[in-house]
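A.B. asks: My structure file entry28.pdb, PDB, C-alpha atoms, is below:
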ATOM      1  CA  MET Q 205     112.594 117.626 107.652
ATOM      2  CA  LYS Q 206     111.617 115.724 110.782
ATOM      3  CA  ASP Q 207     111.580 111.960 111.111
ATOM      4  CA  TYR Q 208     108.360 110.078 110.478
ATOM      5  CA  ASN Q 209     106.457 109.451 113.706
ATOM      6  CA  LYS Q 210     103.343 107.821 112.242
ATOM      7  CA  VAL Q 211     103.172 105.905 108.964
ATOM      8  CA  LEU Q 212      99.771 104.816 107.670
ATOM      9  CA  VAL Q 213      99.728 101.804 105.317
ATOM     10  CA  VAL Q 214      96.719 101.218 103.070
ATOM     11  CA  ILE Q 215      96.166  97.462 103.148
ATOM     12  CA  ASN Q 216      95.206  95.540 100.017
ATOM     13  CA  PRO Q 217      92.299  93.273 101.066
ATOM     14  CA  THR Q 218      92.746  90.894  98.114
ATOM     15  CA  THR Q 219      96.169  89.462  98.988
ATOM     16  CA  ASP Q 220      98.214  88.284 101.966
ATOM     17  CA  HIS Q 221     101.415  89.720 100.462
ATOM     18  CA  GLN Q 222     101.552  93.429 101.363
ATOM     19  CA  ALA Q 223     104.422  95.196  99.556
ATOM     20  CA  ALA Q 224     103.369  98.540 101.013
ATOM     21  CA  LEU Q 225     103.511  97.135 104.532
ATOM     22  CA  ASP Q 226     107.021  95.791 103.911
ATOM     23  CA  ARG Q 227     108.174  99.226 102.768
ATOM     24  CA  ALA Q 228     106.459 101.017 105.662
ATOM     25  CA  VAL Q 229     108.089  98.745 108.235
ATOM     26  CA  ASP Q 230     111.485  99.371 106.607
ATOM     27  CA  LEU Q 231     110.926 103.136 106.840
ATOM     28  CA  ALA Q 232     109.576 102.945 110.386
ATOM     29  CA  SER Q 233     112.541 100.890 111.588
ATOM     30  CA  LYS Q 234     114.866 103.723 110.496
ATOM     31  CA  SER Q 235     112.901 106.358 112.438
ATOM     32  CA  GLN Q 236     111.365 104.410 115.353
ATOM     33  CA  ALA Q 237     107.979 105.318 113.896
ATOM     34  CA  GLU Q 238     104.583 103.817 114.614
ATOM     35  CA  VAL Q 239     102.918 101.931 111.742
ATOM     36  CA  ILE Q 240      99.148 101.854 111.325
ATOM     37  CA  ALA Q 241      97.902  99.090 109.011
ATOM     38  CA  PHE Q 242      94.682 100.629 107.710
ATOM     39  CA  LEU Q 243      91.953  98.665 105.946
ATOM     40  CA  SER Q 244      88.796 100.303 104.598
ATOM     41  CA  ILE Q 245      86.013  97.860 103.675
ATOM     42  CA  PHE Q 246      82.483  98.178 102.353
ATOM     43  CA  ASP Q 247      79.857  95.808 100.969
ATOM     44  CA  PHE Q 248      76.833  97.470  99.398
ATOM     45  CA  SER Q 249      74.710  94.350  99.866
ATOM     46  CA  TYR Q 250      74.706  94.922 103.626
ATOM     47  CA  GLU Q 251      73.233  98.385 103.123
ATOM     48  CA  MET Q 252      70.421  97.042 100.909
ATOM     49  CA  THR Q 253      69.097  94.459 103.344
ATOM     50  CA  SER Q 254      65.893  96.291 104.164
ATOM     51  CA  ILE Q 255      64.268  93.341 105.939
ATOM     52  CA  LEU Q 256      66.842  93.667 108.722
ATOM     53  CA  SER Q 257      66.715  96.286 111.448
ATOM     54  CA  HIS Q 258      69.372  98.963 111.832
ATOM     55  CA  GLN Q 259      70.830  97.072 114.794
ATOM     56  CA  GLU Q 260      70.975  93.823 112.821
ATOM     57  CA  ARG Q 261      72.753  95.535 109.911
ATOM     58  CA  GLU Q 262      75.212  97.086 112.368
ATOM     59  CA  ALA Q 263      75.882  93.667 113.869
ATOM     60  CA  MET Q 264      76.502  92.182 110.413
ATOM     61  CA  ARG Q 265      78.900  94.998 109.509
ATOM     62  CA  GLN Q 266      80.734  94.589 112.793
ATOM     63  CA  GLY Q 267      81.037  90.868 112.142
ATOM     64  CA  VAL Q 268      82.723  91.551 108.791
ATOM     65  CA  ILE Q 269      85.022  94.121 110.400
ATOM     66  CA  ASP Q 270      86.039  91.686 113.154
ATOM     67  CA  GLN Q 271      86.678  88.984 110.564
ATOM     68  CA  ARG Q 272      88.945  91.240 108.488
ATOM     69  CA  LYS Q 273      90.729  92.547 111.579
ATOM     70  CA  ALA Q 274      91.573  88.978 112.630
ATOM     71  CA  TRP Q 275      92.943  88.312 109.118
ATOM     72  CA  LEU Q 276      95.001  91.517 109.236
ATOM     73  CA  ASP Q 277      96.337  90.841 112.732
ATOM     74  CA  ASP Q 278      97.578  87.437 111.542
ATOM     75  CA  ILE Q 279      99.567  89.199 108.817
ATOM     76  CA  LEU Q 280     100.949  91.755 111.277
ATOM     77  CA  ALA Q 281     102.141  88.994 113.595
ATOM     78  CA  GLN Q 282     104.825  88.174 111.020
ATOM     79  CA  TYR Q 283     106.389  91.617 111.613
ATOM     80  CA  GLN Q 284     106.677  91.384 115.409
ATOM     81  CA  PRO Q 285     110.309  90.157 115.361
ATOM     82  CA  ARG Q 286     111.352  93.353 113.553
ATOM     83  CA  GLY Q 287     110.670  95.430 116.660
ATOM     84  CA  VAL Q 288     108.363  98.003 115.026
ATOM     85  CA  ASN Q 289     105.321  99.366 116.853
ATOM     86  CA  ILE Q 290     102.521  98.303 114.508
ATOM     87  CA  HIS Q 291      98.761  97.944 114.934
ATOM     88  CA  SER Q 292      95.665  97.489 112.770
ATOM     89  CA  GLU Q 293      92.691  99.743 112.068
ATOM     90  CA  VAL Q 294      89.690  98.436 110.105
ATOM     91  CA  VAL Q 295      86.829 100.776 109.169
ATOM     92  CA  TRP Q 296      83.577 100.514 107.207
ATOM     93  CA  HIS Q 297      83.449 103.244 104.557
ATOM     94  CA  ASN Q 298      82.096 103.415 101.005
ATOM     95  CA  ARG Q 299      84.871 105.746  99.789
ATOM     96  CA  PRO Q 300      88.267 104.282 100.723
ATOM     97  CA  PHE Q 301      90.327 107.366  99.847
ATOM     98  CA  GLU Q 302      88.133 109.536 102.102
ATOM     99  CA  SER Q 303      88.525 107.185 105.051
ATOM    100  CA  VAL Q 304      92.309 107.097 104.568
ATOM    101  CA  ILE Q 305      92.740 110.877 104.261
ATOM    102  CA  ASN Q 306      90.360 111.682 107.119
ATOM    103  CA  TYR Q 307      92.094 109.203 109.441
ATOM    104  CA  ALA Q 308      95.509 110.556 108.435
ATOM    105  CA  MET Q 309      94.470 114.145 109.155
ATOM    106  CA  GLU Q 310      92.752 113.307 112.456
ATOM    107  CA  HIS Q 311      95.723 111.301 113.779
ATOM    108  CA  ASP Q 312      98.616 113.503 112.558
ATOM    109  CA  VAL Q 313     100.012 110.865 110.204
ATOM    110  CA  ASP Q 314     103.312 111.850 108.533
ATOM    111  CA  LEU Q 315     103.204 109.523 105.522
ATOM    112  CA  ILE Q 316     100.636 107.433 103.625
ATOM    113  CA  VAL Q 317     101.999 104.273 101.985
ATOM    114  CA  LYS Q 318     100.007 102.316  99.412
ATOM    115  CA  GLY Q 319     100.837  99.476  97.047
ATOM    116  CA  THR Q 320     100.086  99.531  93.328
ATOM    117  CA  HIS Q 321      98.224  96.827  91.426
ATOM    118  CA  ASP Q 322      99.775  94.655  88.739
ATOM    119  CA  HIS Q 323      97.623  93.939  85.692
ATOM    120  CA  ASP Q 324      98.658  90.446  84.574
ATOM    121  CA  LYS Q 325      97.363  90.693  81.004
ATOM    122  CA  LEU Q 326      98.840  94.119  80.309
ATOM    123  CA  LYS Q 327     102.046  93.364  82.225
ATOM    124  CA  ALA Q 328     101.794  96.859  83.660
ATOM    125  CA  VAL Q 329     100.929  98.630  86.885
ATOM    126  CA  ILE Q 330      97.398  99.984  87.057
ATOM    127  CA  PHE Q 331      96.617 102.987  89.221
ATOM    128  CA  THR Q 332      93.137 102.832  90.715
ATOM    129  CA  PRO Q 333      90.807 105.806  91.343
ATOM    130  CA  THR Q 334      91.731 105.506  95.027
ATOM    131  CA  ASP Q 335      95.420 105.974  94.141
ATOM    132  CA  TRP Q 336      94.702 109.152  92.154
ATOM    133  CA  HIS Q 337      92.397 110.573  94.843
ATOM    134  CA  LEU Q 338      95.089 110.014  97.481
ATOM    135  CA  MET Q 339      97.839 111.644  95.414
ATOM    136  CA  ARG Q 340      95.675 114.638  94.500
ATOM    137  CA  LYS Q 341      93.788 115.220  97.750
ATOM    138  CA  ALA Q 342      95.931 114.021 100.667
ATOM    139  CA  PRO Q 343      97.658 116.980 102.369
ATOM    140  CA  ILE Q 344     100.548 114.759 103.477
ATOM    141  CA  PRO Q 345     103.098 112.823 101.359
ATOM    142  CA  VAL Q 346     101.850 109.680  99.598
ATOM    143  CA  LEU Q 347     104.275 106.871  98.768
ATOM    144  CA  MET Q 348     103.123 104.498  96.010
ATOM    145  CA  VAL Q 349     105.006 101.205  96.291
ATOM    146  CA  LYS Q 350     105.925  98.870  93.449
ATOM    147  CA  GLU Q 351     107.719  95.525  93.572
ATOM    148  CA  HIS Q 352     111.175  97.065  93.634
ATOM    149  CA  ASP Q 353     113.682  96.732  96.488
ATOM    150  CA  TRP Q 354     115.504  99.633  98.138
ATOM    151  CA  PRO Q 355     119.088  98.345  98.267
ATOM    152  CA  VAL Q 356     121.905 100.120 100.088
ATOM    153  CA  ASN Q 357     123.663 102.712  97.882
ATOM    154  CA  GLY Q 358     120.571 103.078  95.712
ATOM    155  CA  LYS Q 359     119.416 106.170  93.817
ATOM    156  CA  ILE Q 360     116.633 108.644  94.502
ATOM    157  CA  ILE Q 361     115.375 110.915  91.703
ATOM    158  CA  CYS Q 362     113.959 114.373  92.366
ATOM    159  CA  ALA Q 363     111.797 115.613  89.487
ATOM    160  CA  ILE Q 364     112.250 119.376  89.751
ATOM    161  CA  ASN Q 365     110.728 122.282  87.865
ATOM    162  CA  VAL Q 366     112.999 125.202  86.972
ATOM    163  CA  ALA Q 367     110.799 126.646  84.204
ATOM    164  CA  CYS Q 368     108.801 128.614  86.793
ATOM    165  CA  GLU Q 369     110.651 130.997  89.101
ATOM    166  CA  ASP Q 370     107.722 131.807  91.397
ATOM    167  CA  GLU Q 371     108.175 131.262  95.115
ATOM    168  CA  GLU Q 372     105.713 128.355  95.317
ATOM    169  CA  HIS Q 373     107.602 126.238  92.773
ATOM    170  CA  GLN Q 374     110.980 127.121  94.286
ATOM    171  CA  ASN Q 375     109.802 126.157  97.762
ATOM    172  CA  LEU Q 376     108.346 122.910  96.432
ATOM    173  CA  ASN Q 377     111.624 122.057  94.667
ATOM    174  CA  GLY Q 378     113.376 122.556  97.984
ATOM    175  CA  LYS Q 379     110.866 120.409  99.836
ATOM    176  CA  VAL Q 380     111.243 117.577  97.303
ATOM    177  CA  ILE Q 381     115.035 117.673  97.663
ATOM    178  CA  GLN Q 382     114.898 117.798 101.469
ATOM    179  CA  TYR Q 383     112.709 114.685 101.522
ATOM    180  CA  ALA Q 384     115.138 112.981  99.142
ATOM    181  CA  LYS Q 385     118.199 113.872 101.229
ATOM    182  CA  HIS Q 386     116.477 112.711 104.405
ATOM    183  CA  LEU Q 387     115.675 109.309 102.885
ATOM    184  CA  ALA Q 388     119.105 109.120 101.260
ATOM    185  CA  ASP Q 389     120.705 109.478 104.690
ATOM    186  CA  LYS Q 390     118.529 106.694 106.095
ATOM    187  CA  PHE Q 391     119.211 104.271 103.249
ATOM    188  CA  SER Q 392     122.733 105.345 102.202
ATOM    189  CA  ALA Q 393     121.376 106.407  98.796
ATOM    190  CA  SER Q 394     122.438 109.155  96.366
ATOM    191  CA  VAL Q 395     120.173 112.005  95.244
ATOM    192  CA  HIS Q 396     119.782 112.880  91.550
ATOM    193  CA  LEU Q 397     118.047 115.946  90.089
ATOM    194  CA  VAL Q 398     116.098 115.415  86.845
ATOM    195  CA  ASN Q 399     114.662 118.174  84.690
ATOM    196  CA  GLY Q 400     113.185 118.314  81.194
ATOM    197  CA  TYR Q 401     113.122 121.341  78.909
ATOM    198  CA  PRO Q 402     110.888 121.934  75.856
ATOM    199  CA  GLY Q 403     112.339 121.620  72.385
ATOM    200  CA  THR Q 404     112.012 124.256  69.667
ATOM    201  CA  PRO Q 405     108.358 124.882  68.743
ATOM    202  CA  VAL Q 406     107.857 123.518  65.226
ATOM    203  CA  ASN Q 407     105.549 126.337  64.130
ATOM    204  CA  LEU Q 408     108.158 128.917  65.166
ATOM    205  CA  ALA Q 409     110.812 127.326  62.950
ATOM    206  CA  ILE Q 410     108.360 127.197  60.011
ATOM    207  CA  GLU Q 411     106.971 130.724  60.313
ATOM    208  CA  LEU Q 412     110.361 132.422  60.793
ATOM    209  CA  PRO Q 413     112.803 131.272  58.058
ATOM    210  CA  ASP Q 414     115.741 133.055  59.688
ATOM    211  CA  PHE Q 415     115.033 131.488  63.072
ATOM    212  CA  ASP Q 416     118.038 129.517  64.367
ATOM    213  CA  ALA Q 417     116.486 126.463  66.024
ATOM    214  CA  ASN Q 418     119.809 125.049  67.209
ATOM    215  CA  SER Q 419     120.822 128.288  68.891
ATOM    216  CA  TYR Q 420     117.410 128.558  70.533
ATOM    217  CA  ASN Q 421     117.654 124.978  71.805
ATOM    218  CA  ASP Q 422     121.163 125.541  73.150
ATOM    219  CA  THR Q 423     120.034 128.670  74.996
ATOM    220  CA  ILE Q 424     117.057 126.951  76.626
ATOM    221  CA  ARG Q 425     119.184 123.947  77.623
ATOM    222  CA  MET Q 426     121.859 126.209  79.101
ATOM    223  CA  GLN Q 427     119.279 128.141  81.133
ATOM    224  CA  HIS Q 428     117.849 124.923  82.584
ATOM    225  CA  GLU Q 429     121.297 123.478  83.290
ATOM    226  CA  GLN Q 430     122.384 126.646  85.117
ATOM    227  CA  ARG Q 431     119.246 126.698  87.246
ATOM    228  CA  VAL Q 432     119.501 123.003  88.080
ATOM    229  CA  GLN Q 433     123.186 123.364  88.997
ATOM    230  CA  TYR Q 434     122.388 126.370  91.185
ATOM    231  CA  ILE Q 435     119.838 124.246  93.080
ATOM    232  CA  ALA Q 436     122.330 121.369  93.291
ATOM    233  CA  GLN Q 437     124.972 123.677  94.753
ATOM    234  CA  THR Q 438     122.476 125.030  97.278
ATOM    235  CA  TYR Q 439     121.668 121.531  98.544
ATOM    236  CA  GLU Q 440     125.204 120.109  98.177
ATOM    237  CA  ILE Q 441     124.344 117.666  95.398
ATOM    238  CA  PRO Q 442     127.193 116.769  93.002
ATOM    239  CA  PHE Q 443     126.879 118.269  89.513
ATOM    240  CA  GLU Q 444     127.348 114.803  88.009
ATOM    241  CA  ASN Q 445     124.017 113.895  89.631
ATOM    242  CA  CYS Q 446     122.202 116.594  87.629
ATOM    243  CA  HIS Q 447     120.363 115.393  84.522
ATOM    244  CA  VAL Q 448     118.811 117.913  82.110
ATOM    245  CA  GLU Q 449     117.244 116.459  78.971
ATOM    246  CA  GLU Q 450     115.114 117.771  76.117
ATOM    247  CA  GLY Q 451     111.576 116.450  76.307
ATOM    248  CA  LEU Q 452     108.389 116.188  78.329
ATOM    249  CA  PRO Q 453     108.246 114.958  81.941
ATOM    250  CA  GLU Q 454     106.324 111.819  80.948
ATOM    251  CA  ASP Q 455     109.260 110.811  78.745
ATOM    252  CA  ILE Q 456     112.282 112.147  80.644
ATOM    253  CA  ILE Q 457     111.453 110.922  84.149
ATOM    254  CA  PRO Q 458     110.764 107.238  83.355
ATOM    255  CA  ASP Q 459     113.760 107.086  80.985
ATOM    256  CA  MET Q 460     116.093 108.481  83.632
ATOM    257  CA  ALA Q 461     114.626 106.231  86.342
ATOM    258  CA  GLN Q 462     115.355 103.204  84.168
ATOM    259  CA  LYS Q 463     118.801 104.445  83.140
ATOM    260  CA  LEU Q 464     119.820 105.038  86.761
ATOM    261  CA  ASP Q 465     117.903 101.995  88.063
ATOM    262  CA  ALA Q 466     116.375 104.313  90.662
ATOM    263  CA  GLU Q 467     114.595 103.054  93.772
ATOM    264  CA  LEU Q 468     112.387 106.105  94.198
ATOM    265  CA  VAL Q 469     111.093 109.084  92.211
ATOM    266  CA  ILE Q 470     109.871 112.110  94.178
ATOM    267  CA  LEU Q 471     107.430 114.547  92.573
ATOM    268  CA  GLY Q 472     106.069 117.830  93.850
ATOM    269  CA  THR Q 473     102.379 118.328  93.084
ATOM    270  CA  VAL Q 474     101.081 121.900  93.018
ATOM    271  CA  GLY Q 475      97.706 121.541  91.346
ATOM    272  CA  ARG Q 476      96.044 120.581  88.098
ATOM    273  CA  THR Q 477      97.403 123.133  85.613
ATOM    274  CA  GLY Q 478     100.702 123.982  83.974
ATOM    275  CA  PHE Q 479     103.768 121.896  84.733
ATOM    276  CA  SER Q 480     102.171 120.155  87.674
ATOM    277  CA  ALA Q 481      99.310 118.925  85.485
ATOM    278  CA  ALA Q 482     101.940 117.115  83.423
ATOM    279  CA  LEU Q 483     102.985 115.274  86.577
ATOM    280  CA  ILE Q 484      99.678 114.764  88.361
ATOM    281  CA  GLY Q 485      96.991 115.249  85.744
ATOM    282  CA  ASN Q 486      96.167 114.155  82.238
ATOM    283  CA  THR Q 487      99.608 112.759  81.368
ATOM    284  CA  ALA Q 488     100.529 111.474  84.819
ATOM    285  CA  GLU Q 489      99.470 107.954  83.877
ATOM    286  CA  HIS Q 490     102.275 107.887  81.308
ATOM    287  CA  VAL Q 491     104.810 109.169  83.837
ATOM    288  CA  ILE Q 492     103.974 106.920  86.729
ATOM    289  CA  ASP Q 493     102.962 103.707  84.981
ATOM    290  CA  SER Q 494     106.286 103.747  83.121
ATOM    291  CA  ILE Q 495     108.347 104.035  86.308
ATOM    292  CA  ASN Q 496     109.486 100.689  87.653
ATOM    293  CA  CYS Q 497     110.138 102.009  91.141
ATOM    294  CA  ASP Q 498     108.358 103.711  94.020
ATOM    295  CA  LEU Q 499     106.822 107.154  93.702
ATOM    296  CA  LEU Q 500     106.553 109.764  96.465
ATOM    297  CA  ALA Q 501     104.082 112.597  95.788
ATOM    298  CA  ILE Q 502     104.554 115.705  97.936
ATOM    299  CA  LYS Q 503     102.278 118.717  98.369
ATOM    300  CA  PRO Q 504     103.476 122.293  98.946
ATOM    301  CA  ASP Q 505     103.352 123.835 102.421
ATOM    302  CA  GLY Q 506      99.915 125.215 103.159
ATOM    303  CA  PHE Q 507      98.092 122.797 100.855
ATOM    304  CA  LYS Q 508      94.491 122.268 101.967
ATOM    305  CA  SER Q 509      92.792 118.985 101.158
ATOM    306  CA  PRO Q 510      89.394 119.351  99.447
ATOM    307  CA  LEU Q 511      88.070 117.069 102.201
ATOM    308  CA  GLU Q 512      88.861 119.750 104.782
ATOM    309  CA  GLU Q 513      86.577 122.145 102.950
ATOM    310  CA  GLU Q 514      83.625 119.785 102.709
TER     311      GLU Q 514
END
I need this file expressed as structure tokens, please.
C.D. replies:
Amino acid sequence: MKDYNKVLVVINPTTDHQAALDRAVDLASKSQAEVIAFLSIFDFSYEMTSILSHQEREAMRQGVIDQRKAWLDDILAQYQPRGVNIHSEVVWHNRPFESVINYAMEHDVDLIVKGTHDHDKLKAVIFTPTDWHLMRKAPIPVLMVKEHDWPVNGKIICAINVACEDEEHQNLNGKVIQYAKHLADKFSASVHLVNGYPGTPVNLAIELPDFDANSYNDTIRMQHEQRVQYIAQTYEIPFENCHVEEGLPEDIIPDMAQKLDAELVILGTVGRTGFSAALIGNTAEHVIDSINCDLLAIKPDGFKSPLEEE
């Protein structure tokens, strides 16, 4: 894959500390990329001021934009010594994810970077509707950043799917691994392949008394291990970096990320059904919220954002 040329960072307007901006600058410094610090703001009260003229409302909105841009530029000034080309963009929009995706598509952005939100009472990371919209609808990779450093000689996990042998899933597996290898080269990291396989269906063991559950399980595990090792060999990944475990993605991926102390998990997102729904869908909250590291969500080649069709 090519180096990043443009990295768009979604700025959190509620804090001066911008973890996503830190990560984006780190990435950009490895690729001589341009960083766009993007802030989408909206205040409904300005739209409801009917006693003001259209021009007066525009002037008020522009005043808020200028105020926030000055605040953002002060933050960006701290990054000048790092030698990265970085500038700010502040827009007024009532749907933040739309403004981010539309800007990214119009300006040929290569990567969207966004920070997650810590929930103090729950001691967990909360994904907002904007996060989910970006991961599901952005046609370019989305990196969700947590408070976790990327040290030298770290580990990158590729969550791959070998249960489906169709061309789309195979190509997406390859794309996930290529992204991982590219980042691994930049940060001197190692790439690990993680795959989960389903256990023996309980009803099958009950309905068929002669059914050998252990043999069935061994066969399924062996099939998954062989397919994962074939992929590893194709992309020159050591077999000892292949991890095949019995269980669902929402259990296997976070467990392996913690066990390996991974810096990044990369997922391929195909749609909203089947295996991909387990990653970006109903159970995705359990996968992602349990991972104490960054997450990179990648779409297949040819993916069309729903915003392009509107």
A.B. asks: So that I can see what lies close to Ala224 (chain Q), please list as a ChimeraX atom specification the residues with an atom at most 7 Å from it, counting all atoms listed in the file and leaving out residues fewer than 6 positions away in the same chain.
C.D. replies: /Q:213,317-319,349
A.B. asks: Name the residues captured by the PyMOL selection byres ((chain Q and resi 210) around 7) when it is applied to the shown file; answer as a compact mmCIF listing (two decimals) with C-alpha atoms, in the coordinates of the input.
C.D. replies:
# COMPACT_ATOMS: atom_id res chain seq x y z
CA TYR Q 208 108.36 110.08 110.48
CA ASN Q 209 106.46 109.45 113.71
CA VAL Q 211 103.17 105.90 108.96
CA LEU Q 212 99.77 104.82 107.67
CA ALA Q 237 107.98 105.32 113.90
CA GLU Q 238 104.58 103.82 114.61
CA VAL Q 239 102.92 101.93 111.74
CA VAL Q 313 100.01 110.86 110.20
CA ASP Q 314 103.31 111.85 108.53
CA LEU Q 315 103.20 109.52 105.52
A.B. asks: Which of these residues is nearest to Met309 (chain Q), using all atoms listed in the file: Q:Asp270, Q:Glu371, Q:Glu449, Q:Glu512?
C.D. replies: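 The shortest atom-to-atom distance to Met309 (chain Q) comes from Q:Glu512.
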A.B. asks: Which residues, written as a ChimeraX atom specification, have at least one atom at most 12 Å from Ile364 (chain Q), with all atoms listed in the file counted and residues fewer than 6 positions away on the same chain left out?
C.D. replies: /Q:373-381,384,396-401,428-429,431-433,435-436,446-448,453,456-457,469-474,479-480,483,502
A.B. asks: Save out the residues we just selected, C-alpha atoms, as an mmCIF file, keeping the file's coordinate frame.
C.D. replies:
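File again_19.cif, as written:
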data_model
loop_
_atom_site.group_PDB
_atom_site.id
_atom_site.type_symbol
_atom_site.label_atom_id
_atom_site.label_comp_id
_atom_site.auth_asym_id
_atom_site.auth_seq_id
_atom_site.Cartn_x
_atom_site.Cartn_y
_atom_site.Cartn_z
ATOM 1 C CA HIS Q 373 107.602 126.238 92.773
ATOM 2 C CA GLN Q 374 110.980 127.121 94.286
ATOM 3 C CA ASN Q 375 109.802 126.157 97.762
ATOM 4 C CA LEU Q 376 108.346 122.910 96.432
ATOM 5 C CA ASN Q 377 111.624 122.057 94.667
ATOM 6 C CA GLY Q 378 113.376 122.556 97.984
ATOM 7 C CA LYS Q 379 110.866 120.409 99.836
ATOM 8 C CA VAL Q 380 111.243 117.577 97.303
ATOM 9 C CA ILE Q 381 115.035 117.673 97.663
ATOM 10 C CA ALA Q 384 115.138 112.981 99.142
ATOM 11 C CA HIS Q 396 119.782 112.880 91.550
ATOM 12 C CA LEU Q 397 118.047 115.946 90.089
ATOM 13 C CA VAL Q 398 116.098 115.415 86.845
ATOM 14 C CA ASN Q 399 114.662 118.174 84.690
ATOM 15 C CA GLY Q 400 113.185 118.314 81.194
ATOM 16 C CA TYR Q 401 113.122 121.341 78.909
ATOM 17 C CA HIS Q 428 117.849 124.923 82.584
ATOM 18 C CA GLU Q 429 121.297 123.478 83.290
ATOM 19 C CA ARG Q 431 119.246 126.698 87.246
ATOM 20 C CA VAL Q 432 119.501 123.003 88.080
ATOM 21 C CA GLN Q 433 123.186 123.364 88.997
ATOM 22 C CA ILE Q 435 119.838 124.246 93.080
ATOM 23 C CA ALA Q 436 122.330 121.369 93.291
ATOM 24 C CA CYS Q 446 122.202 116.594 87.629
ATOM 25 C CA HIS Q 447 120.363 115.393 84.522
ATOM 26 C CA VAL Q 448 118.811 117.913 82.110
ATOM 27 C CA PRO Q 453 108.246 114.958 81.941
ATOM 28 C CA ILE Q 456 112.282 112.147 80.644
ATOM 29 C CA ILE Q 457 111.453 110.922 84.149
ATOM 30 C CA VAL Q 469 111.093 109.084 92.211
ATOM 31 C CA ILE Q 470 109.871 112.110 94.178
ATOM 32 C CA LEU Q 471 107.430 114.547 92.573
ATOM 33 C CA GLY Q 472 106.069 117.830 93.850
ATOM 34 C CA THR Q 473 102.379 118.328 93.084
ATOM 35 C CA VAL Q 474 101.081 121.900 93.018
ATOM 36 C CA PHE Q 479 103.768 121.896 84.733
ATOM 37 C CA SER Q 480 102.171 120.155 87.674
ATOM 38 C CA LEU Q 483 102.985 115.274 86.577
ATOM 39 C CA ILE Q 502 104.554 115.705 97.936
#
A.B. asks: Hey, can you pull every residue with an atom no more than 7 Å from (106.8, 98.5, 89.8), using all atoms listed in the file, and send it as a list in words?
C.D. replies: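 Here the neighbourhood of the point contains Val329, Lys350, Glu351, His352, Ile495, Asn496, Cys497 and Asp498 of chain Q.
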A.B. asks: Find the residue from Q:Val268, Q:Ser494, Q:Ile360, Q:Leu468 that sits nearest to Glu454 (chain Q); use only C-alpha atoms when measuring.
C.D. replies: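 The closest residue to Glu454 (chain Q) is Q:Ser494.
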A.B. asks: Which of these residues is nearest to Ile316 (chain Q), using only C-alpha atoms: Q:Val294, Q:Leu347, Q:Ala363, Q:Ala223?
C.D. replies: Q:Leu347
A.B. asks: Find the residue from Q:Ile279, Q:Ala263, Q:Ala241, Q:Ile305 that sits nearest to His221 (chain Q); use only C-alpha atoms when measuring.
C.D. replies: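 Ranked by minimum distance to His221 (chain Q), first place goes to Q:Ile279.
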A.B. asks: For each of Q:Pro333, Q:Gly287, Q:Ser257, Q:Asp505, take the minimum atom-to-atom distance to Glu372 (chain Q), counting all atoms listed in the file, then give the residue where this is smallest.
C.D. replies: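 Distance minimum relative to Glu372 (chain Q) lands on Q:Asp505.
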A.B. asks: So which residues get picked by the PyMOL selection byres ((chain Q and resi 355) around 10) here, written as a ChimeraX atom specification?
C.D. replies: /Q:352-354,356-359,391-393,467
A.B. asks: Using all atoms listed in the file, which residue out of Q:Gly451, Q:Gly506, Q:Pro345, Q:Pro402 lies closest to Thr423 (chain Q)?
C.D. replies: Q:Pro402
A.B. asks: Expressed in Å to a single decimal, how great is the separation between CA of Ser244 (chain Q) and CA of Tyr307 (chain Q)?
C.D. replies: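 CA of Tyr307 (chain Q) lies 10.7 Å from CA of Ser244 (chain Q).
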A.B. asks: Assuming the chain letters and numbering stay as they are in my file, what does the PyMOL selection byres ((chain Q and resi 510) around 10) actually select? List them as an MDAnalysis selection string.
C.D. replies: chainID Q and resid 340:343 507:509 511:514
A.B. asks: Go ahead and compute the interatomic distance for CA of Phe246 (chain Q) and CA of Asn298 (chain Q), in Å to one decimal.
C.D. replies: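 Between these atoms lies a distance of 5.4 Å.
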A.B. asks: Show me the residues close to (108.0, 93.7, 114.9) - anything with an atom within 12 Å, counting all atoms listed in the file - and format the list as a list in words.
C.D. replies: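 Final list of nearby residues, as requested, is Leu225, Asp226, Ala228, Val229, Asp230, Ala232, Ser233, Gln236, Ala237, Glu238, Val239, Ile279, Leu280, Ala281, Gln282, Tyr283, Gln284, Pro285, Arg286, Gly287, Val288, Asn289, Ile290 and His291 of chain Q.
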A.B. asks: Would you compute the distance between CA of Tyr439 (chain Q) and CA of Leu338 (chain Q)? Give it in Å to one decimal.
C.D. replies: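 That distance, rounded to one decimal, is 29.0 Å.
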